[in-house]
>>> print(open('target_29.cif').read())   # mmCIF, C-alpha atoms
data_protein
#
loop_
_atom_site.label_atom_id
_atom_site.label_comp_id
_atom_site.auth_asym_id
_atom_site.auth_seq_id
_atom_site.Cartn_x
_atom_site.Cartn_y
_atom_site.Cartn_z
CA MET A 6 0.00 0.00 0.00
CA GLY A 7 1.05 3.57 -0.60
CA SER A 8 3.45 2.89 -3.46
CA GLY A 9 2.95 5.53 -6.12
CA ILE A 10 1.85 4.49 -9.57
CA VAL A 11 3.92 6.28 -12.20
CA VAL A 12 2.71 6.44 -15.78
CA HIS A 13 4.82 8.68 -18.01
CA SER A 14 2.68 10.88 -20.14
CA ASP A 15 5.02 10.85 -23.14
CA GLN A 16 4.24 8.51 -25.95
CA SER A 17 7.14 6.24 -25.10
CA ALA A 18 4.94 4.53 -22.47
CA SER A 19 4.74 1.05 -23.81
CA MET A 20 1.73 -1.23 -23.70
CA ALA A 21 3.53 -3.40 -21.15
CA GLN A 22 4.00 -0.44 -18.84
CA LEU A 23 0.33 0.46 -19.10
CA GLN A 24 -0.71 -3.11 -18.37
CA GLU A 25 1.53 -3.21 -15.35
CA ALA A 26 0.09 0.07 -14.07
CA LEU A 27 -3.42 -1.26 -14.59
CA ALA A 28 -2.59 -4.43 -12.67
CA GLN A 29 -1.31 -2.29 -9.80
CA VAL A 30 -4.53 -0.26 -9.78
CA LYS A 31 -6.57 -3.47 -9.71
CA THR A 32 -4.58 -4.84 -6.79
CA ARG A 33 -5.02 -1.66 -4.82
CA LEU A 34 -8.72 -1.50 -5.64
CA ASP A 35 -9.13 -5.08 -4.35
CA LEU A 36 -7.43 -4.07 -1.11
CA VAL A 37 -9.72 -1.04 -0.73
CA GLU A 38 -12.84 -3.12 -1.43
CA GLU A 39 -11.74 -5.78 1.04
CA ALA A 40 -11.09 -3.13 3.71
CA LEU A 41 -14.61 -1.75 3.22
CA GLN A 42 -16.26 -5.12 3.95
CA PRO A 43 -18.20 -5.16 7.24
CA ARG A 44 -16.11 -8.11 8.43
CA CYS A 45 -12.99 -5.92 8.23
CA GLN A 46 -14.43 -3.19 10.42
CA HIS A 47 -13.12 -2.41 13.87
CA VAL A 48 -15.16 -2.19 17.05
CA THR A 49 -13.82 -0.18 19.99
CA ILE A 50 -15.45 -0.21 23.40
CA VAL A 51 -14.58 1.79 26.50
CA ALA A 52 -15.59 -0.17 29.58
CA PHE A 53 -15.83 2.65 32.14
CA SER A 54 -18.55 1.22 34.35
CA GLY A 55 -17.90 -1.44 36.96
CA ASP A 56 -21.52 -2.56 37.02
CA MET A 57 -22.06 -6.22 36.20
CA ASP A 58 -24.97 -5.55 33.83
CA ARG A 59 -23.15 -2.83 31.88
CA LEU A 60 -19.96 -4.88 31.63
CA TYR A 61 -21.98 -7.89 30.52
CA ALA A 62 -23.49 -5.82 27.69
CA ALA A 63 -20.08 -4.42 26.68
CA LEU A 64 -18.43 -7.84 26.64
CA ALA A 65 -21.32 -9.57 24.87
CA ILE A 66 -20.96 -7.03 22.05
CA ALA A 67 -17.17 -7.47 22.05
CA THR A 68 -17.29 -11.28 21.82
CA GLY A 69 -20.11 -11.18 19.26
CA ALA A 70 -18.16 -8.76 17.07
CA ALA A 71 -15.05 -10.95 17.32
CA ALA A 72 -17.16 -13.94 16.23
CA MET A 73 -18.12 -11.94 13.16
CA GLY A 74 -14.46 -11.60 12.30
CA MET A 75 -14.27 -7.94 13.29
CA LYS A 76 -11.24 -6.53 15.07
CA VAL A 77 -12.23 -5.62 18.60
CA SER A 78 -10.57 -3.57 21.33
CA VAL A 79 -11.91 -3.05 24.83
CA PHE A 80 -10.38 -0.31 26.94
CA PHE A 81 -10.89 -0.68 30.68
CA THR A 82 -10.75 2.44 32.77
CA PHE A 83 -11.86 3.55 36.25
CA TRP A 84 -14.54 1.15 37.61
CA GLY A 85 -14.38 -0.99 34.49
CA LEU A 86 -10.96 -2.21 35.66
CA ASN A 87 -12.79 -4.42 38.17
CA ALA A 88 -13.70 -6.70 35.27
CA ILE A 89 -10.05 -7.63 34.72
CA ARG A 90 -8.85 -7.83 38.31
CA LYS A 91 -8.13 -11.33 39.54
CA ARG A 92 -7.26 -10.64 43.17
CA ARG A 93 -6.88 -7.97 45.80
CA VAL A 94 -3.43 -7.08 47.10
CA LEU A 95 -3.01 -4.75 50.07
CA LYS A 96 0.62 -5.44 50.92
CA GLY A 97 3.00 -2.66 49.96
CA LYS A 98 0.25 -0.14 49.23
CA GLY A 99 -0.12 3.27 50.84
CA LEU A 100 -3.11 4.08 53.04
CA CYS A 101 -5.20 5.72 50.31
CA GLN A 102 -4.59 2.98 47.76
CA ALA A 103 -5.19 0.22 50.31
CA LEU A 104 -8.46 1.93 51.19
CA ILE A 105 -9.50 2.04 47.52
CA SER A 106 -8.63 -1.65 47.22
CA LEU A 107 -10.83 -2.48 50.19
CA LEU A 108 -13.74 -0.42 48.87
CA LEU A 109 -13.59 -1.88 45.35
CA PRO A 110 -15.26 -5.23 44.65
CA SER A 111 -12.68 -8.01 44.98
CA GLY A 112 -12.98 -8.98 41.31
CA PRO A 113 -15.28 -9.75 38.37
CA HIS A 114 -17.21 -12.37 40.36
CA HIS A 115 -18.38 -9.76 42.85
CA LEU A 116 -19.61 -6.85 40.76
CA PRO A 117 -22.63 -4.75 41.75
CA THR A 118 -25.58 -4.18 39.42
CA SER A 119 -26.45 -0.67 38.20
CA ARG A 120 -30.03 -1.03 39.50
CA PHE A 121 -31.55 -3.28 42.16
CA ASN A 122 -28.18 -3.75 43.83
CA MET A 123 -29.76 -3.75 47.31
CA LEU A 124 -26.47 -4.15 49.22
CA GLY A 125 -25.40 -7.09 47.09
CA ILE A 126 -28.66 -9.05 47.05
CA GLY A 127 -29.37 -7.94 43.46
CA PRO A 128 -26.20 -9.37 41.90
CA ARG A 129 -26.79 -12.74 43.61
CA PHE A 130 -30.37 -12.73 42.39
CA PHE A 131 -29.38 -11.84 38.83
CA GLY A 132 -26.48 -14.31 38.99
CA TYR A 133 -28.97 -17.04 39.85
CA LEU A 134 -31.31 -16.01 37.02
CA MET A 135 -28.44 -15.84 34.53
CA ARG A 136 -27.18 -19.32 35.45
CA LYS A 137 -30.73 -20.65 35.23
CA GLY A 138 -31.21 -18.97 31.84
CA ARG A 139 -27.82 -20.41 30.80
CA LEU A 140 -26.39 -17.00 30.13
CA SER A 141 -22.67 -16.45 30.35
CA ASN A 142 -21.22 -14.16 33.04
CA VAL A 143 -18.63 -11.37 33.08
CA PRO A 144 -15.56 -13.56 33.88
CA GLY A 145 -16.72 -16.11 31.27
CA LEU A 146 -17.12 -13.43 28.61
CA ILE A 147 -13.68 -11.98 29.42
CA GLU A 148 -12.17 -15.43 28.87
CA THR A 149 -14.13 -15.91 25.62
CA ALA A 150 -13.04 -12.45 24.44
CA ARG A 151 -9.41 -13.22 25.20
CA GLN A 152 -9.55 -16.52 23.32
CA ALA A 153 -11.21 -14.78 20.36
CA GLY A 154 -8.31 -12.36 20.10
CA VAL A 155 -10.11 -9.31 21.47
CA ARG A 156 -7.55 -6.68 22.43
CA LEU A 157 -7.96 -6.02 26.14
CA VAL A 158 -6.31 -2.78 27.21
CA ALA A 159 -6.06 -1.35 30.73
CA CYS A 160 -5.80 2.41 31.04
CA GLN A 161 -2.39 3.03 32.61
CA ASN A 162 -3.41 6.28 34.34
CA THR A 163 -6.41 4.86 36.14
CA VAL A 164 -4.60 1.64 37.05
CA GLU A 165 -2.08 3.83 38.90
CA LEU A 166 -4.73 6.16 40.31
CA MET A 167 -6.66 3.28 41.84
CA GLY A 168 -3.41 1.82 43.15
CA ILE A 169 -3.94 -1.40 41.20
CA ARG A 170 -0.72 -3.33 40.68
CA PRO A 171 -0.20 -5.04 37.32
CA ASP A 172 -0.07 -8.45 39.06
CA GLU A 173 -3.62 -7.87 40.32
CA LEU A 174 -4.87 -7.99 36.73
CA ILE A 175 -5.55 -11.10 34.70
CA GLU A 176 -2.95 -12.26 32.17
CA GLY A 177 -2.87 -11.04 28.61
CA ILE A 178 -3.79 -7.44 29.36
CA GLU A 179 -2.07 -4.63 27.48
CA PHE A 180 -1.52 -1.19 28.94
CA GLY A 181 -2.38 1.91 26.98
CA GLY A 182 -3.38 5.53 27.06
CA VAL A 183 -5.68 7.91 25.27
CA ALA A 184 -3.69 7.73 22.04
CA THR A 185 -3.93 3.92 22.04
CA TYR A 186 -7.71 4.21 22.37
CA LEU A 187 -7.98 6.94 19.71
CA MET A 188 -5.91 4.99 17.20
CA ASP A 189 -8.37 2.07 17.41
CA ALA A 190 -11.48 4.26 17.74
CA ALA A 191 -10.55 6.28 14.64
CA ARG A 192 -10.65 3.05 12.62
CA SER A 193 -13.94 1.91 14.15
CA LYS A 194 -17.41 2.56 12.84
CA VAL A 195 -18.75 1.00 16.01
CA SER A 196 -17.39 2.84 19.03
CA LEU A 197 -19.07 2.55 22.41
CA PHE A 198 -18.56 4.09 25.84
CA ILE A 199 -20.21 1.94 28.46
CA MET B 23 -23.20 -34.69 5.62
CA ALA B 24 -21.50 -31.54 6.81
CA ASP B 25 -17.75 -31.51 7.38
CA ARG B 26 -18.32 -30.50 10.97
CA HIS B 27 -21.24 -30.34 13.38
CA ILE B 28 -21.65 -28.23 16.50
CA ASP B 29 -24.35 -28.37 19.13
CA CYS B 30 -25.22 -24.95 20.58
CA LYS B 31 -28.37 -26.08 22.35
CA GLY B 32 -28.63 -24.56 25.81
CA LEU B 33 -26.34 -21.66 24.93
CA ARG B 34 -27.60 -18.09 24.89
CA CYS B 35 -26.52 -14.98 23.01
CA PRO B 36 -23.71 -14.28 22.22
CA MET B 37 -22.33 -17.81 22.72
CA PRO B 38 -23.98 -19.63 19.75
CA ILE B 39 -22.51 -17.06 17.32
CA VAL B 40 -19.16 -17.22 19.12
CA LYS B 41 -19.11 -21.03 18.70
CA VAL B 42 -20.11 -20.76 15.03
CA GLY B 43 -17.29 -18.23 14.49
CA GLN B 44 -14.74 -20.46 16.23
CA ALA B 45 -15.80 -23.59 14.34
CA MET B 46 -15.78 -21.76 11.01
CA ASN B 47 -12.22 -20.52 11.63
CA GLU B 48 -11.06 -24.11 11.79
CA LEU B 49 -12.62 -25.08 8.45
CA THR B 50 -11.05 -24.63 5.04
CA PRO B 51 -12.85 -22.60 2.33
CA GLY B 52 -15.76 -24.51 0.78
CA GLN B 53 -16.22 -26.84 3.77
CA THR B 54 -19.59 -27.01 5.50
CA LEU B 55 -20.71 -26.65 9.10
CA SER B 56 -24.01 -27.78 10.55
CA VAL B 57 -25.33 -26.11 13.69
CA GLU B 58 -28.13 -26.90 16.10
CA ALA B 59 -29.30 -24.24 18.56
CA ASP B 60 -32.28 -23.27 20.66
CA ASP B 61 -31.53 -19.64 21.48
CA PRO B 62 -34.67 -17.71 20.37
CA VAL B 63 -32.53 -15.07 18.59
CA PHE B 64 -30.27 -17.58 16.84
CA GLY B 65 -32.12 -17.13 13.51
CA PRO B 66 -31.73 -13.34 13.20
CA ASP B 67 -28.24 -13.45 14.74
CA LEU B 68 -27.08 -16.08 12.27
CA ALA B 69 -28.55 -14.11 9.36
CA ALA B 70 -26.53 -11.06 10.50
CA TRP B 71 -23.42 -13.20 11.01
CA VAL B 72 -23.70 -14.58 7.47
CA GLU B 73 -24.26 -11.09 6.04
CA ILE B 74 -21.19 -9.67 7.78
CA THR B 75 -18.76 -12.56 7.41
CA GLY B 76 -19.69 -13.30 3.80
CA ASN B 77 -20.16 -17.02 4.46
CA GLU B 78 -23.06 -18.87 2.87
CA LEU B 79 -26.21 -20.03 4.62
CA VAL B 80 -27.11 -23.15 2.63
CA GLU B 81 -30.09 -24.32 4.69
CA TYR B 82 -32.04 -23.05 7.66
CA HIS B 83 -34.86 -24.78 9.50
CA ASP B 84 -36.60 -22.87 12.23
CA GLY B 85 -37.02 -24.62 15.54
CA PRO B 86 -36.63 -25.04 18.37
CA PRO B 87 -34.16 -26.46 17.86
CA GLN B 88 -33.11 -24.44 14.85
CA ARG B 89 -30.89 -26.22 12.35
CA ALA B 90 -28.53 -24.47 9.96
CA LEU B 91 -26.03 -25.54 7.33
CA LEU B 92 -23.26 -23.09 6.50
CA ARG B 93 -20.55 -23.09 3.87
CA LYS B 94 -17.28 -21.25 4.40
CA ARG B 95 -16.71 -18.58 1.79
CA VAL B 96 -14.08 -19.36 -0.81
CA LYS B 97 -12.76 -15.85 -1.37
#
>>> encode(input="target_29.cif", output="structure tokens")
Amino acid sequence: MGSGIVVHSDQSASMAQLQEALAQVKTRLDLVEEALQPRCQHVTIVAFSGDMDRLYAALAIATGAAAMGMKVSVFFTFWGLNAIRKRRVLKGKGLCQALISLLLPSGPHHLPTSRFNMLGIGPRFFGYLMRKGRLSNVPGLIETARQAGVRLVACQNTVELMGIRPDELIEGIEFGGVATYLMDAARSKVSLFI
Amino acid sequence: MADRHIDCKGLRCPMPIVKVGQAMNELTPGQTLSVEADDPVFGPDLAAWVEITGNELVEYHDGPPQRALLRKRVK
């Protein structure tokens, strides 16, 4: 891609040269057409919320899009980081960060719901209904997303702000910033902030 | 007979489509995949999946369980 096609305008341009130039145009047109196919589109999701129901929706879209062959990135920031935490570490943290750790849910199995949370009764109730309805759950969808090649990116700034250590996060997570998000979002027709 | 069969009965959105996507990745172009599912939205979801991925829906029988035969696109 990007190689210039040069056709000299003088009459010395031979038939062979023209044919070669035409072949190059065809190749590049094929590439453009392929890139415009829906299956080649990107999907970028910001998982900002730490609510189980919102994260479920975000990850269901992410895994579904990956199944359609689309390139998918999910950026976890602020409360959304709870979806990719595997454990809680207090050792070696300052008072403020230890306090944040204690106040945050201990991981993706213990997320609150955005409505009907009722001091934790809601999530248990919905968890029961989801198992009964044979729905997946947030940790299951994260695993499916990872296997499907979804790019999982943790926002470096908020990881530090919340005092989360990299070893508290699940494996296979990349770290990125705003530019990392924008690079993927700029290529995405589907871009969600959840 | 399809080259591969997957059973998605009992799975709910988005898992049937995820399984179809995974199974299709392992096939070579032109090979076929048969699917059985009982998710109520499997029909419309599969239609969208076929439209986006460019694979071919050879047969579809509504259910439950729904039965579909897919062929992997050649190009």
>>> residues_around(input="target_29.cif", residues="Gly32 of chain B", least_positions_apart="2", cutoff="12 Å", atoms="all atoms listed in the file", output="VMD selection string")
(chain A and resid 136 to 141) or (chain B and resid 29 to 30 34 to 38 58 to 62 64 86 to 88)
>>> residues_around(input="target_29.cif", residues="segment 105-110 of chain A", least_positions_apart="3", cutoff="8 Å", atoms="all atoms listed in the file", output="list in words")
Asn87, Arg93, Val94, Leu95, Cys101, Gln102, Pro113, His115, Leu116, Pro117, Met167, Gly168 and Ile169 of chain A
>>> write_last_selection(input="target_29.cif", atoms="C-alpha atoms", output="CSV table (one decimal), in the frame of the given file")
chain,number,residue,atom,x,y,z
A,87,ASN,CA,-12.8,-4.4,38.2
A,93,ARG,CA,-6.9,-8.0,45.8
A,94,VAL,CA,-3.4,-7.1,47.1
A,95,LEU,CA,-3.0,-4.8,50.1
A,101,CYS,CA,-5.2,5.7,50.3
A,102,GLN,CA,-4.6,3.0,47.8
A,113,PRO,CA,-15.3,-9.8,38.4
A,115,HIS,CA,-18.4,-9.8,42.8
A,116,LEU,CA,-19.6,-6.8,40.8
A,117,PRO,CA,-22.6,-4.8,41.8
A,167,MET,CA,-6.7,3.3,41.8
A,168,GLY,CA,-3.4,1.8,43.2
A,169,ILE,CA,-3.9,-1.4,41.2
>>> closest_atom_pairs(input="target_29.cif", of="segment 24-93 of chain B", to="segment 41-57 of chain A", cutoff="12 Å", atoms="all atoms listed in the file", output="JSON lines")
{"residue": "B:Gly43", "atom": "CA", "partner": "A:Arg44", "partner_atom": "CA", "distance": 11.9}
{"residue": "B:Ala70", "atom": "CA", "partner": "A:Pro43", "partner_atom": "CA", "distance": 10.7}
{"residue": "B:Trp71", "atom": "CA", "partner": "A:Arg44", "partner_atom": "CA", "distance": 9.3}
{"residue": "B:Val72", "atom": "CA", "partner": "A:Arg44", "partner_atom": "CA", "distance": 10.0}
{"residue": "B:Glu73", "atom": "CA", "partner": "A:Pro43", "partner_atom": "CA", "distance": 8.6}
{"residue": "B:Ile74", "atom": "CA", "partner": "A:Arg44", "partner_atom": "CA", "distance": 5.4}
{"residue": "B:Thr75", "atom": "CA", "partner": "A:Arg44", "partner_atom": "CA", "distance": 5.3}
{"residue": "B:Gly76", "atom": "CA", "partner": "A:Arg44", "partner_atom": "CA", "distance": 7.8}
{"residue": "B:Asn77", "atom": "CA", "partner": "A:Arg44", "partner_atom": "CA", "distance": 10.6}
>>> write_last_selection(input="target_29.cif", atoms="C-alpha atoms", output="short mmCIF file (atom, residue, chain, number, x, y, z; two decimals), keeping the file's coordinate frame")
data_model
loop_
_atom_site.label_atom_id
_atom_site.label_comp_id
_atom_site.auth_asym_id
_atom_site.auth_seq_id
_atom_site.Cartn_x
_atom_site.Cartn_y
_atom_site.Cartn_z
CA GLY B 43 -17.29 -18.23 14.49
CA ALA B 70 -26.53 -11.06 10.50
CA TRP B 71 -23.42 -13.20 11.01
CA VAL B 72 -23.70 -14.58 7.47
CA GLU B 73 -24.26 -11.09 6.04
CA ILE B 74 -21.19 -9.67 7.78
CA THR B 75 -18.76 -12.56 7.41
CA GLY B 76 -19.69 -13.30 3.80
CA ASN B 77 -20.16 -17.02 4.46
#
>>> resolve_selection(input="target_29.cif", expression="the PyMOL selection byres ((chain A and resi 152) around 12)", output="PyMOL selection string")
(chain A and resi 67-68+71-72+145-151+153-157+176-177) or (chain B and resi 40-41+43-44)
>>> residues_around(input="target_29.cif", residues="Tyr82 of chain B", least_positions_apart="3", cutoff="9 Å", atoms="all atoms listed in the file", output="ChimeraX atom specification")
/B:65,79,88-92
>>> atom_distance(input="target_29.cif", atom1="atom CA of Met188 of chain A", atom2="atom CA of Ala159 of chain A")
14.9 Å
>>> residues_around(input="target_29.cif", residues="Glu179 of chain A", least_positions_apart="4", cutoff="12 Å", atoms="all atoms listed in the file", output="VMD selection string")
chain A and resid 78 to 81 89 151 155 to 161 164 171 174 to 175 185 to 186
>>> resolve_selection(input="target_29.cif", expression="the PyMOL selection byres ((chain B and resi 55) around 8)", output="MDAnalysis selection string")
chainID B and resid 24:28 45:46 53:54 56:57 91:94
>>> axis_aligned_box(input="target_29.cif", around="segment 27-43 of chain B", padding_each_side="3 Å", output="AutoDock Vina command-line options")
--center_x -23.0 --center_y -22.3 --center_z 19.6 --size_x 17.3 --size_y 22.1 --size_z 18.4
>>> closest_residue(input="target_29.cif", among="A:Val183, A:Met123, A:Ile199, A:Met73", to="chain B", atoms="only C-alpha atoms")
A:Met73
>>> atom_distance(input="target_29.cif", atom1="atom CA of Ala40 of chain A", atom2="atom CA of Asp67 of chain B")
22.9 Å
>>> atom_distance(input="target_29.cif", atom1="atom CA of Arg92 of chain A", atom2="atom CA of Asp172 of chain A")
8.6 Å
